[in-house]
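Reading through the structure tokens given below for one structure.
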Amino acid sequence: MGKAEGSKASLIFAPQPSSGSPTLSLRHAPRPHSPRPARRLERGELLQLVDVREPEEYEYCHIEGSLLLPLGDIPQHVEELATDRPVVLICHHGVRSAQALGYLQHRHGLNNLLNLRGGIHAWSVQVDPTVAIY
């Protein structure tokens, strides 16, 4: 995984509010104390990375160590999600992962969920340029 050294990346894991619809608008921007994903991973923080894109998208590019769990399959595989550490939901631009987050919060009461703002596209641009862009 590439390092974000010297980068001015603003990409961070943004906890979504537990009430209302998850959104990627600026009013739900992360607080200044929220760490950047690369730093959390570099520090060795234990995170479960869950990619909710389709298998073809995942095959083209993905973050190393992520689990593929397409959005439509989540209801049948909720038990595969960690409950003892943060679960980072990933998609192309952050919209499907926000939908997954809302579903899992409201239907299953999970409160350890984070949405990768900007999705894998932002990760590729701001954190790890070795991850292909599409």
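Here's how to read the names in the structure tokens: chain A, B, ... by the order shown, residue numbers from 1 in each chain, ligand numbers from 1 in the order shown.
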- [ ] Quick one: everything within 9 Å of Leu110 (chain A), counting only C-alpha atoms, minus sequence neighbours fewer than 5 positions away in the same chain. Send it as a ChimeraX atom specification.
- [x] /A:83,101,104-105
Could those selected residues go to a file with N, CA and C atoms, as a PDB file, in the first residue's frame?
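Output saved as out07.pdb:
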```
ATOM      1  N   THR A  83     -17.403  -6.954  14.669  1.00  0.00           N
ATOM      2  CA  THR A  83     -18.110  -6.171  15.690  1.00  0.00           C
ATOM      3  C   THR A  83     -17.126  -5.669  16.749  1.00  0.00           C
ATOM      4  N   LEU A 101     -23.858   1.576   4.797  1.00  0.00           N
ATOM      5  CA  LEU A 101     -23.719   2.062   6.162  1.00  0.00           C
ATOM      6  C   LEU A 101     -25.102   2.345   6.774  1.00  0.00           C
ATOM      7  N   LEU A 104     -26.948  -0.966   7.460  1.00  0.00           N
ATOM      8  CA  LEU A 104     -26.384  -1.714   8.580  1.00  0.00           C
ATOM      9  C   LEU A 104     -26.619  -1.021   9.917  1.00  0.00           C
ATOM     10  N   GLN A 105     -26.607   0.300   9.935  1.00  0.00           N
ATOM     11  CA  GLN A 105     -26.899   1.030  11.171  1.00  0.00           C
ATOM     12  C   GLN A 105     -28.355   0.866  11.568  1.00  0.00           C
TER      13      GLN A 105
END
```
TODO: For Ile74 (chain A), please output as a list in words all residues within 9 Å (counting only C-alpha atoms; exclusion window: fewer than 4 positions along the same chain).
DONE: Val52, Leu69, Pro70, Val78, Ala100 and Leu104 of chain A
For C-alpha atoms, I'd like the residues from the last selection saved as an mmCIF file, in the first residue's frame.
```cif
data_model
loop_
_atom_site.group_PDB
_atom_site.id
_atom_site.type_symbol
_atom_site.label_atom_id
_atom_site.label_comp_id
_atom_site.auth_asym_id
_atom_site.auth_seq_id
_atom_site.Cartn_x
_atom_site.Cartn_y
_atom_site.Cartn_z
ATOM 1 C CA VAL A 52 -19.345 -3.149 -1.518
ATOM 2 C CA LEU A 69 -19.142 -8.016 -0.160
ATOM 3 C CA PRO A 70 -21.333 -6.527 -2.917
ATOM 4 C CA VAL A 78 -23.995 -9.392 7.964
ATOM 5 C CA ALA A 100 -24.616 0.081 3.051
ATOM 6 C CA LEU A 104 -26.384 -1.714 8.580
#
```
TODO: Could you tell me which of A:Glu54, A:Glu45, A:Leu114, A:Ala122 comes closest to Asp73 (chain A) if we count only C-alpha atoms?
DONE: A:Glu54
- [ ] Show which residues sit within 12 Å of Glu59 (chain A), as a VMD selection string. Count only C-alpha atoms, and ignore same-chain residues fewer than 6 positions away.
- [x] chain A and resid 51 53 66 to 68 131 to 132 134
TODO: For Tyr60 (chain A), work out the shell of residues within 9 Å, counting only C-alpha atoms and skipping chain neighbours fewer than 2 positions away, then give it as number ranges by chain.
DONE: A: 55-58, 62, 132-134
Create the file for the chosen residues now, containing C-alpha atoms and written as an mmCIF file, in the first residue's frame.
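Saved to part_19.cif:
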```cif
data_model
loop_
_atom_site.group_PDB
_atom_site.id
_atom_site.type_symbol
_atom_site.label_atom_id
_atom_site.label_comp_id
_atom_site.auth_asym_id
_atom_site.auth_seq_id
_atom_site.Cartn_x
_atom_site.Cartn_y
_atom_site.Cartn_z
ATOM 1 C CA PRO A 55 -16.977 -8.380 -8.453
ATOM 2 C CA GLU A 56 -15.901 -6.920 -11.824
ATOM 3 C CA GLU A 57 -15.049 -3.590 -10.193
ATOM 4 C CA TYR A 58 -13.187 -5.277 -7.364
ATOM 5 C CA HIS A 62 -9.171 -2.827 -4.816
ATOM 6 C CA ALA A 132 -6.046 1.795 -10.770
ATOM 7 C CA ILE A 133 -8.579 4.530 -11.536
ATOM 8 C CA TYR A 134 -11.720 3.870 -13.540
#
```
TODO: Tell me, in Å to one decimal, how far CA of His93 (chain A) is from CA of Ile120 (chain A).
DONE: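 Computing it gives 6.4 Å between the two atoms.
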Open item on the list: When DSSP is applied to the backbone of this structure, which of region 65-129 of chain A are assigned strand (DSSP E)? Write them out as a PyMOL selection string.
Closed with: chain A and resi 67-68+87-90+113-116
